[in-house]
Amino acid sequence: MDWSDEGIVLGARKHGESAAIVSLLTRNHGRHMGLVRGGAGRTRRNLMEPGNLLDAEWRARLADHLGTYTVELDRAYSAAVLDDPLRLAVLSSACAVADGALPEREPHATIFASMLHLLGGLTRDNAGGEVAVWSALYVRWELDLLRDLGFGLDLSVCAATGSEDGLAYVSPRSGRAVSLAAGEAYRDRLLSLPMFLADGSLPADIDQIARGLTMTGFFLERHVFGGLNKPLPAARGRMVSHYQRLVGSAPSATISSK
Amino acid sequence: MGGAEIERLIQLLSKLPGLGPRSARRAALHLLKRRDGLMLALAQALTAVADALHSCSLCGNLDTSDPCAICNDPRRDAATLCVIEDVADLWAIERSGAFRGRYHVLGGVLSALDGVGPEELAIAGLVRRAADPAVKEVILAMNATVEGQATVHYVTDRLAGAGVAVSRLAHGVPIGGELDYLDDGTLSTALNARRPV
């Protein structure tokens, strides 16, 4: 058995003295683990950093074996975000959420493409104002993940009135949007829907991103991680705290890096 | 091949880093042939260290005294704290002779994969030490990995109210490194961290 594919490193664990067991999100084979000989050694350890894009070749005698990877670095996305706390938090969260949520060896080409798009946005040489771009990409990536796992949210029309305008809430029960007028009486029991998820625009402030993360976090916890009897990854919690601290320091300020 | 005691010795030696079963057998044979000159002395040294070993209550270093020799040394600069992941990193920095301050061993890094959170690390102790008016600078000497740098950013946030300067190690071209052989990540980090000459 062997195949070649592109793969994003989601995590790596040392195995023995110099080998590593690596979890890759591949384009055509989903989340797939494999042994990389020398993967924890001095010369190849840097390839196994979460978020890096690798060209991987997997070989095993039988399809259900762990198998071994031969890898080559395609793009070192992780190195480009090491110095920026928020971008690093977003990258770590994406890798931890994908690693915890995706079933092994089940193709999720949409999630791979969406994650690659997110990594591209994170590492593009953008000025501080473009934090909105990759923050929105992250929230949408979590929505894609929910959809691909069978828990898609319908944020296009109001579940109560059928209206496409004035969408402001999401029902925690059905995962469908609710308009401001129809949901006002139940606002304590509904999740807030930030404008940028309703109309496809860019988030105007950090508060919108934080509300988007609260919403996706609720559904990820209930439908995905809850079903696996696991809490949401700590890396995601640290990322959310980072955004919430920014909201606390400047609730309505224009988005800026760090 | 040998008695049960010798087999046990080989088995234990093979658990040491860098030694497999074959090299453990060679090391054991070497010890057996030098019973008086090496084996007994090694056994006594191991027993003495095992009996006296402490984790330093101030910095987390491993030593035979508490506080450790570095924390007890009055010639060390008390104004600078170097934060490292592990005792191995402390030994590496000491070997370089480039740092004359004191240390704080975190005991690992934040890791989603291994389930290591802030509570598992000696961060509270670091915040307490940094609040000492004698401490002026904290150097975060963590590895240039995603987990290491995530820990750097987390610790920086925790030290925000301590009134100390916080710095971290530079990332870039290693001494003797050739640009042609460097990976893209190191090169781009080195370019971003360039400084005037």
# chains A, B, ... in the order shown; residues from 1 in each chain; ligands from 1
call {"tool": "residues_around", "arguments": {"residues": "Pro203 of chain A", "least_positions_apart": "4", "cutoff": "6 Å", "atoms": "only C-alpha atoms", "output": "list in words"}}
result
Ala132, Phe196 and Gln208 of chain A
call {"tool": "write_last_selection", "arguments": {"atoms": "N, CA, C and O atoms", "output": "short mmCIF file (atom, residue, chain, number, x, y, z; two decimals), in the first residue's frame"}}
result
data_model
loop_
_atom_site.label_atom_id
_atom_site.label_comp_id
_atom_site.auth_asym_id
_atom_site.auth_seq_id
_atom_site.Cartn_x
_atom_site.Cartn_y
_atom_site.Cartn_z
N ALA A 132 -8.70 41.30 10.44
CA ALA A 132 -10.11 40.97 10.18
C ALA A 132 -10.21 39.85 9.15
O ALA A 132 -11.07 38.96 9.28
N PHE A 196 -20.85 39.75 10.16
CA PHE A 196 -20.01 39.28 9.05
C PHE A 196 -20.33 37.85 8.63
O PHE A 196 -20.05 37.46 7.50
N GLN A 208 -17.09 41.29 17.14
CA GLN A 208 -17.80 40.42 16.18
C GLN A 208 -17.09 39.07 16.05
O GLN A 208 -17.74 38.03 15.97
#
call {"tool": "interface_residues", "arguments": {"of": "chain B", "to": "chain A", "cutoff": "12 Å", "atoms": "only C-alpha atoms", "output": "ChimeraX atom specification"}}
result
/B:15-20,110-119,142-157,168-172,181-193
call {"tool": "select_by_dssp", "arguments": {"residues": "chain B", "states": "strand (DSSP E or B)", "output": "JSON, numbers by chain"}}
result
{"B": [54, 55, 62, 63, 77, 78, 79, 80, 81, 82, 83, 84, 101, 102, 103, 104, 105, 111, 116, 137, 138, 139, 140, 165, 166, 167, 168]}
call {"tool": "residues_around", "arguments": {"residues": "segment 31-40 of chain A", "least_positions_apart": "3", "cutoff": "7 Å", "atoms": "only C-alpha atoms", "output": "JSON, numbers by chain"}}
result
{"A": [14, 18, 19, 20, 21, 22, 23, 24, 25, 26, 44, 45, 48, 66, 67, 68, 69, 70, 102, 103, 104, 105, 106]}
call {"tool": "atom_distance", "arguments": {"atom1": "atom CA of Ala177 of chain A", "atom2": "atom CA of Asp154 of chain A"}}
result
6.2 Å
call {"tool": "residues_around", "arguments": {"residues": "Gly161 of chain B", "least_positions_apart": "3", "cutoff": "12 Å", "atoms": "only C-alpha atoms", "output": "PyMOL selection string"}}
result
chain B and resi 127-128+130-131+155-158+164-166
call {"tool": "write_last_selection", "arguments": {"atoms": "C-alpha atoms", "output": "PDB file, in the first residue's frame"}}
result
ATOM      1  CA  VAL B 127       5.221  35.310  38.409  1.00  0.00           C
ATOM      2  CA  ARG B 128       6.029  35.357  42.153  1.00  0.00           C
ATOM      3  CA  ALA B 130       9.340  38.243  38.824  1.00  0.00           C
ATOM      4  CA  ALA B 131       7.427  40.386  41.337  1.00  0.00           C
ATOM      5  CA  VAL B 155       4.086  33.773  29.910  1.00  0.00           C
ATOM      6  CA  THR B 156       4.560  37.296  28.509  1.00  0.00           C
ATOM      7  CA  ASP B 157       0.863  37.975  29.167  1.00  0.00           C
ATOM      8  CA  ARG B 158       1.141  36.581  32.692  1.00  0.00           C
ATOM      9  CA  VAL B 164       9.892  43.661  34.496  1.00  0.00           C
ATOM     10  CA  ALA B 165      11.361  43.827  31.001  1.00  0.00           C
ATOM     11  CA  VAL B 166      10.518  40.632  29.098  1.00  0.00           C
TER      12      VAL B 166
END
call {"tool": "select_by_dssp", "arguments": {"residues": "chain B", "states": "alpha helix (DSSP H)", "output": "PyMOL selection string"}}
result
chain B and resi 4-13+21-33+40-52+69-72+87-96+123-130+146-158+184-192
call {"tool": "write_last_selection", "arguments": {"atoms": "C-alpha atoms", "output": "PDB file, in the first residue's frame"}}
result
ATOM      1  CA  ALA B   4      20.242 -12.524  36.410  1.00  0.00           C
ATOM      2  CA  GLU B   5      22.043  -9.546  38.011  1.00  0.00           C
ATOM      3  CA  ILE B   6      24.044  -8.891  34.862  1.00  0.00           C
ATOM      4  CA  GLU B   7      20.949  -9.226  32.695  1.00  0.00           C
ATOM      5  CA  ARG B   8      19.190  -6.710  34.953  1.00  0.00           C
ATOM      6  CA  LEU B   9      22.150  -4.323  34.620  1.00  0.00           C
ATOM      7  CA  ILE B  10      22.006  -4.609  30.807  1.00  0.00           C
ATOM      8  CA  GLN B  11      18.261  -4.093  30.826  1.00  0.00           C
ATOM      9  CA  LEU B  12      18.571  -0.933  32.946  1.00  0.00           C
ATOM     10  CA  LEU B  13      21.441   0.446  30.873  1.00  0.00           C
ATOM     11  CA  PRO B  21      20.235  -3.423  23.813  1.00  0.00           C
ATOM     12  CA  ARG B  22      23.526  -4.016  21.955  1.00  0.00           C
ATOM     13  CA  SER B  23      25.289  -0.893  23.171  1.00  0.00           C
ATOM     14  CA  ALA B  24      23.932  -1.520  26.701  1.00  0.00           C
ATOM     15  CA  ARG B  25      25.580  -4.949  26.591  1.00  0.00           C
ATOM     16  CA  ARG B  26      28.869  -3.356  25.523  1.00  0.00           C
ATOM     17  CA  ALA B  27      28.639  -0.769  28.313  1.00  0.00           C
ATOM     18  CA  ALA B  28      27.839  -3.487  30.852  1.00  0.00           C
ATOM     19  CA  LEU B  29      30.810  -5.563  29.713  1.00  0.00           C
ATOM     20  CA  HIS B  30      33.030  -2.493  29.990  1.00  0.00           C
ATOM     21  CA  LEU B  31      31.864  -2.008  33.585  1.00  0.00           C
ATOM     22  CA  LEU B  32      32.323  -5.687  34.448  1.00  0.00           C
ATOM     23  CA  LYS B  33      35.915  -5.591  33.227  1.00  0.00           C
ATOM     24  CA  LEU B  40      32.060   0.516  42.123  1.00  0.00           C
ATOM     25  CA  ALA B  41      32.864   4.203  41.800  1.00  0.00           C
ATOM     26  CA  LEU B  42      29.915   4.615  39.413  1.00  0.00           C
ATOM     27  CA  ALA B  43      27.599   2.721  41.765  1.00  0.00           C
ATOM     28  CA  GLN B  44      28.689   4.885  44.703  1.00  0.00           C
ATOM     29  CA  ALA B  45      28.266   8.076  42.671  1.00  0.00           C
ATOM     30  CA  LEU B  46      24.774   7.002  41.555  1.00  0.00           C
ATOM     31  CA  THR B  47      23.747   6.184  45.124  1.00  0.00           C
ATOM     32  CA  ALA B  48      25.156   9.448  46.472  1.00  0.00           C
ATOM     33  CA  VAL B  49      23.343  11.528  43.848  1.00  0.00           C
ATOM     34  CA  ALA B  50      20.093   9.576  44.228  1.00  0.00           C
ATOM     35  CA  ASP B  51      20.182  10.112  48.006  1.00  0.00           C
ATOM     36  CA  ALA B  52      20.943  13.810  47.810  1.00  0.00           C
ATOM     37  CA  ALA B  69      24.221  25.856  43.571  1.00  0.00           C
ATOM     38  CA  ILE B  70      23.176  28.496  40.998  1.00  0.00           C
ATOM     39  CA  CYS B  71      20.500  30.065  43.224  1.00  0.00           C
ATOM     40  CA  ASN B  72      22.959  30.003  46.158  1.00  0.00           C
ATOM     41  CA  VAL B  87      16.922  21.266  33.070  1.00  0.00           C
ATOM     42  CA  ALA B  88      18.653  20.115  29.851  1.00  0.00           C
ATOM     43  CA  ASP B  89      18.217  23.663  28.482  1.00  0.00           C
ATOM     44  CA  LEU B  90      19.705  25.105  31.693  1.00  0.00           C
ATOM     45  CA  TRP B  91      22.750  22.875  31.258  1.00  0.00           C
ATOM     46  CA  ALA B  92      23.052  23.958  27.603  1.00  0.00           C
ATOM     47  CA  ILE B  93      23.019  27.665  28.508  1.00  0.00           C
ATOM     48  CA  GLU B  94      25.456  27.108  31.394  1.00  0.00           C
ATOM     49  CA  ARG B  95      27.760  25.257  28.992  1.00  0.00           C
ATOM     50  CA  SER B  96      27.818  28.306  26.734  1.00  0.00           C
ATOM     51  CA  ILE B 123       4.305  29.668  35.830  1.00  0.00           C
ATOM     52  CA  ALA B 124       2.810  30.808  39.161  1.00  0.00           C
ATOM     53  CA  GLY B 125       6.251  30.473  40.774  1.00  0.00           C
ATOM     54  CA  LEU B 126       7.776  32.513  37.964  1.00  0.00           C
ATOM     55  CA  VAL B 127       5.221  35.310  38.409  1.00  0.00           C
ATOM     56  CA  ARG B 128       6.029  35.357  42.153  1.00  0.00           C
ATOM     57  CA  ARG B 129       9.765  35.547  41.483  1.00  0.00           C
ATOM     58  CA  ALA B 130       9.340  38.243  38.824  1.00  0.00           C
ATOM     59  CA  VAL B 146       4.912  26.389  17.831  1.00  0.00           C
ATOM     60  CA  GLU B 147       4.453  25.059  21.380  1.00  0.00           C
ATOM     61  CA  GLY B 148       7.546  26.852  22.703  1.00  0.00           C
ATOM     62  CA  GLN B 149       6.524  30.207  21.246  1.00  0.00           C
ATOM     63  CA  ALA B 150       2.877  29.780  22.319  1.00  0.00           C
ATOM     64  CA  THR B 151       4.295  29.376  25.836  1.00  0.00           C
ATOM     65  CA  VAL B 152       6.439  32.505  25.361  1.00  0.00           C
ATOM     66  CA  HIS B 153       3.356  34.564  24.462  1.00  0.00           C
ATOM     67  CA  TYR B 154       1.340  33.096  27.341  1.00  0.00           C
ATOM     68  CA  VAL B 155       4.086  33.773  29.910  1.00  0.00           C
ATOM     69  CA  THR B 156       4.560  37.296  28.509  1.00  0.00           C
ATOM     70  CA  ASP B 157       0.863  37.975  29.167  1.00  0.00           C
ATOM     71  CA  ARG B 158       1.141  36.581  32.692  1.00  0.00           C
ATOM     72  CA  ASP B 184      12.493  28.631   4.367  1.00  0.00           C
ATOM     73  CA  GLY B 185      11.096  29.259   7.838  1.00  0.00           C
ATOM     74  CA  THR B 186      14.472  29.993   9.450  1.00  0.00           C
ATOM     75  CA  LEU B 187      15.483  32.200   6.527  1.00  0.00           C
ATOM     76  CA  SER B 188      12.315  34.291   6.642  1.00  0.00           C
ATOM     77  CA  THR B 189      12.560  34.624  10.440  1.00  0.00           C
ATOM     78  CA  ALA B 190      16.204  35.688  10.126  1.00  0.00           C
ATOM     79  CA  LEU B 191      15.275  38.289   7.504  1.00  0.00           C
ATOM     80  CA  ASN B 192      12.468  39.642   9.691  1.00  0.00           C
TER      81      ASN B 192
END
call {"tool": "atom_distance", "arguments": {"atom1": "atom CA of Trp58 of chain A", "atom2": "atom CA of Ser114 of chain A"}}
result
22.9 Å
call {"tool": "residues_around", "arguments": {"residues": "Cys68 of chain B", "least_positions_apart": "2", "cutoff": "9 Å", "atoms": "only C-alpha atoms", "output": "PyMOL selection string"}}
result
chain B and resi 54-66+70-73
call {"tool": "write_last_selection", "arguments": {"atoms": "N, CA and C atoms", "output": "mmCIF file, in the first residue's frame"}}
result
data_model
loop_
_atom_site.group_PDB
_atom_site.id
_atom_site.type_symbol
_atom_site.label_atom_id
_atom_site.label_comp_id
_atom_site.auth_asym_id
_atom_site.auth_seq_id
_atom_site.Cartn_x
_atom_site.Cartn_y
_atom_site.Cartn_z
ATOM 1 N N HIS B 54 17.652 16.824 44.776
ATOM 2 C CA HIS B 54 16.506 17.673 45.095
ATOM 3 C C HIS B 54 16.131 18.464 43.851
ATOM 4 N N SER B 55 14.866 18.813 43.773
ATOM 5 C CA SER B 55 14.460 19.811 42.797
ATOM 6 C C SER B 55 14.497 21.141 43.543
ATOM 7 N N CYS B 56 15.233 22.105 43.010
ATOM 8 C CA CYS B 56 15.409 23.385 43.702
ATOM 9 C C CYS B 56 14.041 24.050 43.930
ATOM 10 N N SER B 57 13.782 24.425 45.164
ATOM 11 C CA SER B 57 12.473 25.006 45.482
ATOM 12 C C SER B 57 12.306 26.408 44.891
ATOM 13 N N LEU B 58 13.411 27.026 44.467
ATOM 14 C CA LEU B 58 13.310 28.369 43.867
ATOM 15 C C LEU B 58 13.156 28.293 42.353
ATOM 16 N N CYS B 59 14.074 27.548 41.719
ATOM 17 C CA CYS B 59 14.103 27.608 40.246
ATOM 18 C C CYS B 59 13.671 26.309 39.567
ATOM 19 N N GLY B 60 13.613 25.206 40.285
ATOM 20 C CA GLY B 60 13.215 23.940 39.667
ATOM 21 C C GLY B 60 14.372 23.157 39.081
ATOM 22 N N ASN B 61 15.612 23.662 39.232
ATOM 23 C CA ASN B 61 16.785 22.938 38.753
ATOM 24 C C ASN B 61 16.982 21.668 39.576
ATOM 25 N N LEU B 62 17.647 20.676 38.990
ATOM 26 C CA LEU B 62 17.956 19.458 39.737
ATOM 27 C C LEU B 62 19.363 19.580 40.297
ATOM 28 N N ASP B 63 19.509 19.399 41.606
ATOM 29 C CA ASP B 63 20.828 19.524 42.225
ATOM 30 C C ASP B 63 20.816 18.718 43.518
ATOM 31 N N THR B 64 21.997 18.658 44.134
ATOM 32 C CA THR B 64 22.076 17.898 45.391
ATOM 33 C C THR B 64 21.875 18.802 46.598
ATOM 34 N N SER B 65 21.605 20.067 46.366
ATOM 35 C CA SER B 65 21.287 20.959 47.479
ATOM 36 C C SER B 65 20.050 21.765 47.127
ATOM 37 N N ASP B 66 19.361 22.220 48.140
ATOM 38 C CA ASP B 66 18.167 23.046 47.918
ATOM 39 C C ASP B 66 18.264 24.279 48.822
ATOM 40 N N ILE B 70 23.297 27.241 41.770
ATOM 41 C CA ILE B 70 23.176 28.496 40.998
ATOM 42 C C ILE B 70 22.398 29.532 41.810
ATOM 43 N N CYS B 71 21.298 29.124 42.427
ATOM 44 C CA CYS B 71 20.500 30.065 43.224
ATOM 45 C C CYS B 71 21.274 30.529 44.455
ATOM 46 N N ASN B 72 22.181 29.668 44.956
ATOM 47 C CA ASN B 72 22.959 30.003 46.158
ATOM 48 C C ASN B 72 24.181 30.861 45.866
ATOM 49 N N ASP B 73 24.541 30.937 44.578
ATOM 50 C CA ASP B 73 25.795 31.615 44.212
ATOM 51 C C ASP B 73 25.610 33.135 44.271
#
call {"tool": "closest_residue", "arguments": {"among": "B:Val197, B:Ile139, B:Leu121, B:Leu53", "to": "Phe99 of chain B", "atoms": "only C-alpha atoms"}}
result
B:Ile139
